[in-house]
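This is target.tsv. It holds TSV, C-alpha atoms and all ligand atoms.
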```tsv
chain	number	residue	atom	x	y	z
A	263	MET	CA	142.98	76.00	114.69
A	264	PRO	CA	139.18	75.47	114.91
A	265	PHE	CA	138.02	71.95	115.62
A	266	ASN	CA	134.87	69.91	115.12
A	267	GLY	CA	133.33	67.22	117.26
A	268	HIS	CA	133.98	66.51	120.91
A	269	PRO	CA	136.11	69.07	122.72
A	270	THR	CA	138.45	66.37	124.03
A	271	GLY	CA	138.56	64.45	120.76
A	272	PRO	CA	141.05	64.84	117.97
A	273	LYS	CA	141.22	68.12	116.24
A	274	ILE	CA	139.71	67.84	112.76
A	275	PRO	CA	140.89	70.53	110.41
A	276	THR	CA	138.00	72.43	108.86
A	277	VAL	CA	140.23	74.05	106.34
A	278	THR	CA	139.73	72.46	102.92
A	279	PRO	CA	142.97	70.87	101.71
A	280	GLY	CA	144.17	72.75	98.74
A	281	PHE	CA	145.13	72.12	95.17
A	282	PRO	CA	145.81	69.63	93.65
A	283	THR	CA	143.73	67.37	95.96
A	284	THR	CA	140.84	69.75	95.69
A	285	ARG	CA	139.78	70.63	92.20
A	286	MET	CA	136.65	72.79	92.11
A	287	ARG	CA	136.17	72.08	88.44
A	288	ARG	CA	135.53	68.35	89.07
A	289	ASN	CA	131.89	69.00	90.04
A	290	ARG	CA	131.41	71.22	87.02
A	291	ARG	CA	132.64	68.78	84.38
A	292	THR	CA	129.32	67.28	83.27
A	293	ASP	CA	125.81	68.55	82.85
A	294	TRP	CA	124.37	65.97	85.26
A	295	SER	CA	126.86	66.92	87.93
A	296	ARG	CA	126.22	70.63	87.55
A	297	ARG	CA	122.50	69.94	87.93
A	298	LEU	CA	123.16	67.81	90.99
A	299	VAL	CA	125.13	70.48	92.85
A	300	ALA	CA	122.86	73.40	91.88
A	301	GLU	CA	122.09	75.34	95.08
A	302	THR	CA	119.30	77.50	93.69
A	303	ARG	CA	116.56	76.81	91.18
A	304	LEU	CA	114.10	78.96	89.33
A	305	GLY	CA	110.64	77.53	88.78
A	306	VAL	CA	107.30	78.76	87.53
A	307	ASP	CA	106.07	78.94	91.15
A	308	ASP	CA	108.53	81.79	91.72
A	309	LEU	CA	106.86	84.12	89.24
A	310	ILE	CA	104.39	86.96	89.71
A	311	TRP	CA	103.26	88.64	86.49
A	312	PRO	CA	102.49	92.38	86.60
A	313	VAL	CA	99.89	93.33	83.96
A	314	PHE	CA	98.34	96.59	82.78
A	315	VAL	CA	94.67	97.13	82.01
A	316	HIS	CA	92.87	100.01	80.35
A	317	ALA	CA	89.18	100.77	79.93
A	318	GLY	CA	89.19	101.01	76.12
A	319	ASP	CA	88.27	98.35	73.57
A	320	GLU	CA	91.69	98.07	71.95
A	321	PRO	CA	92.77	94.58	73.05
A	322	GLN	CA	96.47	95.46	73.25
A	323	VAL	CA	98.05	98.89	73.35
A	324	PRO	CA	101.86	98.68	73.16
A	325	ILE	CA	103.98	100.55	75.72
A	326	PRO	CA	106.91	102.02	73.76
A	327	SER	CA	109.37	102.06	76.66
A	328	MET	CA	108.54	98.41	77.48
A	329	PRO	CA	108.69	96.54	74.16
A	330	GLY	CA	106.61	93.36	74.39
A	331	VAL	CA	104.47	94.68	77.26
A	332	VAL	CA	100.98	96.02	76.53
A	333	ARG	CA	97.98	97.58	78.18
A	334	HIS	CA	95.19	95.04	77.83
A	335	SER	CA	91.50	95.70	77.50
A	336	VAL	CA	89.53	93.99	80.26
A	337	ASP	CA	88.47	91.17	77.92
A	338	ALA	CA	91.98	90.65	76.58
A	339	LEU	CA	93.35	90.66	80.12
A	340	VAL	CA	91.01	87.85	81.15
A	341	ASP	CA	92.42	85.75	78.28
A	342	ALA	CA	96.02	86.67	79.09
A	343	VAL	CA	95.54	85.81	82.76
A	344	GLY	CA	93.97	82.51	81.68
A	345	ASP	CA	97.12	81.74	79.69
A	346	ALA	CA	99.31	82.63	82.68
A	347	ALA	CA	97.28	80.33	84.94
A	348	ALA	CA	97.55	77.51	82.38
A	349	LEU	CA	101.32	77.92	82.48
A	350	GLY	CA	101.23	77.55	86.27
A	351	ILE	CA	102.05	81.15	87.21
A	352	PRO	CA	100.70	81.54	90.76
A	353	MET	CA	99.75	85.22	90.73
A	354	VAL	CA	99.24	88.33	88.62
A	355	ALA	CA	99.48	91.94	89.79
A	356	VAL	CA	96.94	94.19	88.07
A	357	PHE	CA	97.80	97.85	87.37
A	358	PRO	CA	95.45	100.37	85.77
A	359	TYR	CA	95.93	102.88	83.02
A	360	VAL	CA	93.56	105.67	83.99
A	361	GLU	CA	92.36	108.13	81.34
A	362	PRO	CA	93.48	111.69	82.07
A	363	ALA	CA	89.83	112.85	82.28
A	364	LEU	CA	89.29	110.58	85.31
A	365	LYS	CA	92.25	111.92	87.29
A	366	ASP	CA	91.97	114.55	89.99
A	367	ALA	CA	94.03	115.81	92.90
A	368	GLU	CA	92.34	113.38	95.33
A	369	GLY	CA	92.65	110.35	93.06
A	370	SER	CA	88.90	109.79	93.50
A	371	ASN	CA	88.74	107.14	90.82
A	372	ALA	CA	90.90	104.94	93.08
A	373	VAL	CA	87.93	104.44	95.41
A	374	ASP	CA	85.28	104.00	92.71
A	375	PRO	CA	84.15	100.34	92.73
A	376	ASP	CA	83.60	100.62	88.98
A	377	ASN	CA	87.13	101.70	88.17
A	378	VAL	CA	89.07	99.66	85.65
A	379	VAL	CA	91.06	97.68	88.24
A	380	CYS	CA	87.93	96.47	90.02
A	381	ARG	CA	86.22	95.67	86.73
A	382	ALA	CA	89.26	93.68	85.62
A	383	VAL	CA	89.40	91.76	88.89
A	384	ARG	CA	85.68	90.97	88.74
A	385	ALA	CA	86.08	89.78	85.13
A	386	ILE	CA	89.00	87.49	86.07
A	387	ARG	CA	86.92	86.09	88.94
A	388	ALA	CA	83.85	85.66	86.71
A	389	ALA	CA	85.95	83.64	84.27
A	390	GLY	CA	86.76	81.26	87.13
A	391	THR	CA	90.51	81.41	86.52
A	392	GLU	CA	92.40	79.84	89.39
A	393	ILE	CA	95.19	82.28	90.00
A	394	GLY	CA	96.11	84.75	92.72
A	395	VAL	CA	95.18	88.34	91.94
A	396	MET	CA	97.09	91.15	93.57
A	397	CYS	CA	96.26	94.89	93.43
A	398	ASP	CA	98.35	97.89	94.44
A	399	ALA	CA	97.19	100.27	97.10
A	400	ALA	CA	98.56	103.62	95.89
A	401	LEU	CA	97.06	106.65	94.27
A	402	ASP	CA	99.60	107.59	91.60
A	403	PRO	CA	97.79	106.13	88.56
A	404	PHE	CA	94.71	108.10	89.64
A	405	THR	CA	96.04	111.50	90.73
A	406	SER	CA	96.39	114.53	88.47
A	407	HIS	CA	99.79	115.24	90.10
A	408	GLY	CA	101.10	111.68	89.78
A	409	HIS	CA	101.95	111.32	93.47
A	410	ASP	CA	100.98	108.30	95.56
A	411	GLY	CA	99.19	110.42	98.14
A	412	LEU	CA	97.06	113.47	98.75
A	413	MET	CA	98.83	116.82	98.75
A	414	ARG	CA	98.66	120.07	100.67
A	415	GLY	CA	100.87	122.52	98.84
A	416	GLU	CA	104.06	120.59	98.20
A	417	GLU	CA	103.54	118.19	101.08
A	418	ILE	CA	102.36	114.61	100.65
A	419	LEU	CA	99.89	114.06	103.47
A	420	ASN	CA	100.37	110.83	105.37
A	421	ASP	CA	97.36	110.03	107.56
A	422	GLU	CA	94.82	111.52	105.14
A	423	THR	CA	96.31	109.37	102.38
A	424	VAL	CA	96.13	106.24	104.54
A	425	GLU	CA	92.37	106.75	104.88
A	426	VAL	CA	92.00	106.73	101.11
A	427	LEU	CA	94.28	103.70	100.76
A	428	VAL	CA	92.05	101.85	103.19
A	429	ARG	CA	88.99	102.59	101.05
A	430	GLN	CA	90.88	101.62	97.91
A	431	SER	CA	91.91	98.32	99.51
A	432	LEU	CA	88.36	97.57	100.61
A	433	ILE	CA	86.80	98.03	97.16
A	434	GLN	CA	89.57	95.91	95.62
A	435	ALA	CA	88.96	93.15	98.17
A	436	GLU	CA	85.23	93.46	97.49
A	437	ALA	CA	85.93	92.99	93.76
A	438	GLY	CA	87.68	89.71	94.52
A	439	CYS	CA	91.33	90.61	94.84
A	440	ASP	CA	93.34	88.09	96.93
A	441	VAL	CA	96.35	90.17	97.89
A	442	ILE	CA	96.59	93.89	98.58
A	443	SER	CA	100.01	95.34	97.94
A	444	PRO	CA	100.46	98.82	99.38
A	445	SER	CA	103.11	100.48	97.22
A	446	ASP	CA	102.71	104.02	98.51
A	447	MET	CA	105.23	104.07	101.40
A	448	MET	CA	102.98	106.06	103.75
A	449	ASP	CA	103.62	105.33	107.43
A	450	GLY	CA	101.11	103.12	109.20
A	451	ARG	CA	99.18	102.00	106.16
A	452	ILE	CA	99.66	98.28	106.67
A	453	GLY	CA	98.05	98.29	110.11
A	454	ALA	CA	95.17	100.50	108.95
A	455	ILE	CA	94.49	98.32	105.91
A	456	ARG	CA	94.76	95.09	107.91
A	457	SER	CA	92.30	96.12	110.59
A	458	SER	CA	89.83	97.51	108.05
A	459	LEU	CA	89.98	94.38	105.91
A	460	ASP	CA	89.37	92.27	109.02
A	461	ALA	CA	86.48	94.44	110.18
A	462	ALA	CA	84.86	94.19	106.76
A	463	GLY	CA	85.01	90.40	106.70
A	464	HIS	CA	88.06	90.16	104.43
A	465	GLY	CA	90.24	88.42	106.99
A	466	HIS	CA	91.56	86.02	104.35
A	467	VAL	CA	92.87	88.76	102.06
A	468	GLN	CA	96.66	88.79	102.26
A	469	ILE	CA	98.95	91.81	102.31
A	470	MET	CA	102.21	91.95	100.41
A	471	ALA	CA	103.86	95.14	101.60
A	472	TYR	CA	106.13	97.07	99.34
A	473	ALA	CA	108.13	97.35	102.54
A	474	ALA	CA	111.49	98.56	101.24
A	475	LYS	CA	110.62	100.63	98.24
A	476	TYR	CA	113.22	103.07	97.01
A	477	ALA	CA	112.84	106.40	95.22
A	478	SER	CA	114.26	105.00	92.00
A	479	GLY	CA	114.90	106.11	88.47
A	480	PHE	CA	114.15	102.57	87.35
A	481	TYR	CA	110.36	103.13	87.52
A	482	GLY	CA	110.33	105.37	84.44
A	483	PRO	CA	108.76	102.95	81.93
A	484	PHE	CA	106.07	101.89	84.45
A	485	ARG	CA	105.00	105.49	84.73
A	486	ASP	CA	104.57	105.53	80.94
A	487	ALA	CA	102.50	102.37	81.22
A	488	VAL	CA	100.08	103.68	83.83
A	489	GLY	CA	100.15	107.20	82.43
A	490	SER	CA	101.68	108.93	85.45
A	491	ALA	CA	104.96	109.99	83.80
A	492	SER	CA	103.49	113.18	82.40
A	493	THR	CA	101.43	114.00	85.49
A	494	LEU	CA	104.39	113.55	87.85
A	495	GLY	CA	106.76	115.42	85.54
A	496	LYS	CA	109.92	116.25	87.45
A	497	GLY	CA	108.13	115.63	90.76
A	498	SER	CA	110.14	113.61	93.27
A	499	LYS	CA	108.88	110.84	95.56
A	500	ALA	CA	111.87	111.26	97.87
A	501	THR	CA	109.77	112.35	100.87
A	502	TYR	CA	108.03	108.99	101.03
A	503	GLN	CA	110.07	106.41	99.12
A	504	MET	CA	113.45	105.39	100.59
A	505	GLN	CA	116.74	106.88	99.57
A	506	PRO	CA	118.95	104.45	97.66
A	507	SER	CA	121.84	104.93	100.10
A	508	ASN	CA	120.08	103.14	102.96
A	509	SER	CA	120.02	99.56	104.06
A	510	ASP	CA	119.51	99.53	107.87
A	511	GLU	CA	116.47	101.69	107.27
A	512	ALA	CA	115.03	98.98	105.03
A	513	LEU	CA	115.13	96.56	107.96
A	514	ARG	CA	113.18	99.03	110.11
A	515	GLU	CA	110.60	99.44	107.36
A	516	VAL	CA	110.21	95.68	107.05
A	517	ALA	CA	109.99	95.22	110.84
A	518	LEU	CA	107.24	97.82	111.06
A	519	ASP	CA	105.22	96.37	108.20
A	520	LEU	CA	105.45	92.89	109.73
A	521	ALA	CA	104.43	94.22	113.14
A	522	GLU	CA	101.43	95.89	111.50
A	523	GLY	CA	100.34	92.62	109.90
A	524	ALA	CA	102.04	92.21	106.52
A	525	ASP	CA	101.97	88.58	105.37
A	526	MET	CA	104.72	89.03	102.81
A	527	VAL	CA	107.24	91.74	102.13
A	528	MET	CA	108.82	93.08	98.99
A	529	VAL	CA	112.01	94.85	98.04
A	530	LYS	CA	111.90	97.16	95.06
A	531	PRO	CA	113.62	97.72	92.63
A	532	GLY	CA	115.32	94.36	92.22
A	533	MET	CA	118.74	93.94	90.71
A	534	PRO	CA	120.39	97.06	92.22
A	535	TYR	CA	118.99	96.07	95.65
A	536	LEU	CA	119.84	92.37	95.96
A	537	ASP	CA	121.84	93.13	99.10
A	538	ILE	CA	118.60	94.35	100.70
A	539	VAL	CA	116.78	91.17	99.68
A	540	ARG	CA	119.50	89.10	101.37
A	541	ARG	CA	119.46	91.17	104.56
A	542	VAL	CA	115.67	91.08	104.80
A	543	LYS	CA	115.51	87.33	104.25
A	544	ASP	CA	118.30	86.63	106.74
A	545	SER	CA	116.92	89.00	109.36
A	546	PHE	CA	113.25	88.04	109.31
A	547	GLY	CA	112.87	84.70	107.51
A	548	VAL	CA	109.47	85.73	106.14
A	549	PRO	CA	108.13	85.37	102.60
A	550	THR	CA	110.27	87.89	100.76
A	551	PHE	CA	109.73	89.06	97.21
A	552	ALA	CA	111.61	91.27	94.83
A	553	TYR	CA	110.27	93.39	92.00
A	554	GLN	CA	112.26	93.34	88.77
A	555	VAL	CA	110.89	96.72	87.81
A	556	SER	CA	110.05	98.29	84.47
A	557	GLY	CA	113.48	99.90	83.99
A	558	GLU	CA	115.23	96.60	84.58
A	559	TYR	CA	112.90	94.99	82.04
A	560	ALA	CA	113.56	97.79	79.54
A	561	MET	CA	117.34	97.50	79.88
A	562	LEU	CA	117.45	93.76	79.32
A	563	ARG	CA	114.90	93.91	76.49
A	564	ALA	CA	116.66	96.77	74.72
A	565	ALA	CA	120.07	95.11	74.91
A	566	ASP	CA	118.56	91.89	73.59
A	567	GLU	CA	116.83	93.71	70.71
A	568	ARG	CA	120.11	95.33	69.71
A	569	GLY	CA	121.91	92.02	69.84
A	570	TRP	CA	124.16	93.30	72.63
A	571	LEU	CA	123.07	90.63	75.07
A	572	ASP	CA	121.55	87.18	74.66
A	573	GLY	CA	118.08	87.80	76.11
A	574	ASP	CA	117.30	84.14	76.73
A	575	ARG	CA	120.36	83.79	78.92
A	576	VAL	CA	120.37	87.06	80.81
A	577	ILE	CA	116.67	87.01	81.66
A	578	LEU	CA	116.96	83.61	83.32
A	579	GLU	CA	120.28	84.59	84.94
A	580	SER	CA	118.80	87.78	86.38
A	581	LEU	CA	115.86	85.88	87.88
A	582	LEU	CA	118.10	83.18	89.33
A	583	GLY	CA	120.07	85.99	90.98
A	584	PHE	CA	116.96	87.00	92.91
A	585	LYS	CA	116.51	83.44	94.15
A	586	ARG	CA	120.16	83.19	95.16
A	587	ALA	CA	119.82	86.47	97.08
A	588	GLY	CA	117.04	84.88	99.13
A	589	ALA	CA	113.86	85.94	97.36
A	590	ASP	CA	110.94	83.53	97.50
A	591	GLY	CA	109.59	84.92	94.27
A	592	VAL	CA	109.94	87.73	91.76
A	593	LEU	CA	107.53	90.13	90.14
A	594	THR	CA	108.69	90.23	86.56
A	595	TYR	CA	107.28	91.38	83.23
A	596	PHE	CA	109.12	88.39	81.76
A	597	ALA	CA	106.95	85.94	83.74
A	598	VAL	CA	105.00	84.47	80.83
A	599	GLU	CA	107.92	84.01	78.47
A	600	VAL	CA	110.04	82.59	81.28
A	601	ALA	CA	107.26	80.18	82.27
A	602	ARG	CA	107.11	79.02	78.64
A	603	LYS	CA	110.88	78.59	78.54
A	604	LEU	CA	110.94	76.64	81.80
A	605	LYS	CA	108.17	74.39	80.50
A	606	ALA	CA	110.02	73.75	77.24
A	607	GLY	CA	113.06	72.80	79.37
A	701	LIG	C1	102.93	102.80	92.26
A	701	LIG	C2	103.89	101.84	91.72
A	701	LIG	C3	105.07	102.09	91.00
A	701	LIG	C4	105.56	100.84	90.63
A	701	LIG	C5	104.70	99.87	91.16
A	701	LIG	N1	103.69	100.50	91.84
A	701	LIG	C6	105.70	103.34	90.54
A	701	LIG	C7	106.16	104.35	91.49
A	701	LIG	O1	106.17	104.15	92.70
A	701	LIG	O2	106.48	105.43	91.02
A	701	LIG	C8	106.78	100.61	89.78
A	701	LIG	C9	106.82	99.33	89.02
A	701	LIG	C10	107.81	99.28	87.92
A	701	LIG	O3	108.60	100.21	87.67
A	701	LIG	O4	107.82	98.24	87.23
A	701	LIG	N2	103.23	103.39	93.47
```

Take the structure in the file and write it out as structure tokens.
Amino acid sequence: MPFNGHPTGPKIPTVTPGFPTTRMRRNRRTDWSRRLVAETRLGVDDLIWPVFVHAGDEPQVPIPSMPGVVRHSVDALVDAVGDAAALGIPMVAVFPYVEPALKDAEGSNAVDPDNVVCRAVRAIRAAGTEIGVMCDAALDPFTSHGHDGLMRGEEILNDETVEVLVRQSLIQAEAGCDVISPSDMMDGRIGAIRSSLDAAGHGHVQIMAYAAKYASGFYGPFRDAVGSASTLGKGSKATYQMQPSNSDEALREVALDLAEGADMVMVKPGMPYLDIVRRVKDSFGVPTFAYQVSGEYAMLRAADERGWLDGDRVILESLLGFKRAGADGVLTYFAVEVARKLKAG
């Protein structure tokens, strides 16, 4: 029998005496008691809101596979981000919709300081909104083939891509972005981006690495949103994103990104990968985030719209699950409506 306390002292059983002395339901009987024993809480500070911006004048262009999510014009985005800040949401993640005419095999628009991401970031900064602004480092919204990197034949080039990601990160930092989030899964990009940011005087810009990012079918609606679904076609990202079968490998990815200078790490997608979130948090104890991706959003939204699930309940329950798994925060398209709900109590 295991014992507590002094080795020579009396043996104190650590086994909980059983029923009927112990009744687990006693703590659950009243609302106040349930609140008192709650182990995990979801608050507005846990939310990161991913948003889409396009260069046109249309304030809001709906995304059919993500009902309730839109592509904003730059002006409309500034207002929307203002609303998010007023609700207390700590950070937004800005993603571009790039017109097909601006895409090429090199993703050149990604390194143009006048691209729609940089213009949006400058506009948010000019409005004086106090909120964190995060931008992806990845080429897929900008490439004519929809891949995150440069290609030679069928191959996705690693080191050549990293050079472009560095330039993309620098112009985004220059525009006023607070956090760079490399989502491309090239090897060595965190270290290259970190040292270039430092050399360019952007030592305060943080890096949230998409450290364990899986080649997932759950990104489908996002690719509609940024306009890369048609360019990528049946193309697979399996040579750079992780295979869903692996978990130890995720720890190696995270360890490398941390060693290269990542300030925060992310696991993506979210709900099917909560075991990875838990392992990462337990192994490293660093700020760990999860991305409730577009396909997860679409599933919950669609089931709610059909009356198959109670959206109000399952959205909050899904986000609490991330917290319970060890995440410090969640990127979620539900951020604004959840913030409103939490405020209303
Ligand atoms: C770009 C990127 C993707 C997502 C975030 N950044 C798509 C992809 O890797 O194909 C997905 C986000 C989502 O599905 O909500 N590399």

Within 7 Å of ligand LIG 701 (chain A) (all atoms listed in the file), residues as a PyMOL selection string: chain A and resi 398+400+402+410+445-446+480-485+554-557

Residue contacts of A:Met448 (7 Å, only C-alpha atoms) excluding same-chain residues fewer than 5 positions away, as a PyMOL selection string: chain A and resi 420+424+502

Sphere at (110.0, 113.5, 86.5), radius 12 Å, counting all atoms listed in the file: residues as a PyMOL selection string: chain A and resi 407-409+477-483+485-486+490-500

Residue contacts of stretch 573-588 of chain A (9 Å, all atoms listed in the file) excluding same-chain residues fewer than 3 positions away, as a PyMOL selection string: chain A and resi 301-304+308+532-533+536-544+550-552+554+559+562-563+565-567+569-570+591-592+594+596+600+603

Based on the selection just made, write C-alpha atoms of those residues as a short mmCIF file (atom, residue, chain, number, x, y, z; two decimals), in the frame of the given file.
```cif
data_model
loop_
_atom_site.label_atom_id
_atom_site.label_comp_id
_atom_site.auth_asym_id
_atom_site.auth_seq_id
_atom_site.Cartn_x
_atom_site.Cartn_y
_atom_site.Cartn_z
CA GLU A 301 122.09 75.34 95.08
CA THR A 302 119.30 77.50 93.69
CA ARG A 303 116.56 76.81 91.18
CA LEU A 304 114.10 78.96 89.33
CA ASP A 308 108.53 81.79 91.72
CA GLY A 532 115.32 94.36 92.22
CA MET A 533 118.74 93.94 90.71
CA LEU A 536 119.84 92.37 95.96
CA ASP A 537 121.84 93.13 99.10
CA ILE A 538 118.60 94.35 100.70
CA VAL A 539 116.78 91.17 99.68
CA ARG A 540 119.50 89.10 101.37
CA ARG A 541 119.46 91.17 104.56
CA VAL A 542 115.67 91.08 104.80
CA LYS A 543 115.51 87.33 104.25
CA ASP A 544 118.30 86.63 106.74
CA THR A 550 110.27 87.89 100.76
CA PHE A 551 109.73 89.06 97.21
CA ALA A 552 111.61 91.27 94.83
CA GLN A 554 112.26 93.34 88.77
CA TYR A 559 112.90 94.99 82.04
CA LEU A 562 117.45 93.76 79.32
CA ARG A 563 114.90 93.91 76.49
CA ALA A 565 120.07 95.11 74.91
CA ASP A 566 118.56 91.89 73.59
CA GLU A 567 116.83 93.71 70.71
CA GLY A 569 121.91 92.02 69.84
CA TRP A 570 124.16 93.30 72.63
CA GLY A 591 109.59 84.92 94.27
CA VAL A 592 109.94 87.73 91.76
CA THR A 594 108.69 90.23 86.56
CA PHE A 596 109.12 88.39 81.76
CA VAL A 600 110.04 82.59 81.28
CA LYS A 603 110.88 78.59 78.54
#
```

Between atom CA of A:His316 and atom CA of A:Phe357, distance in Å (one decimal): 8.8 Å

Shell of 8 Å around stretch 342-356 of chain A, only C-alpha atoms, local chain residues under 2 positions omitted, as an MDAnalysis selection string: chainID A and resid 306:315 338:340 358 379 383 386 391:398 597:598 601:602 605

Would you compute the box with edges along x, y and z of the file around stretch 360-370 of chain A, including every atom the file lists for it and 3 Å extra on each side, and give its centre and edge lengths in Å to one decimal, as JSON?
```
{"center_x": 91.5, "center_y": 110.7, "center_z": 88.3, "size_x": 11.1, "size_y": 16.1, "size_z": 20.0}
```

Shortest interatomic distance to A:Ala517 - which of A:Phe546, A:Trp294, A:Tyr359, A:Tyr476, counting all atoms listed in the file: A:Phe546
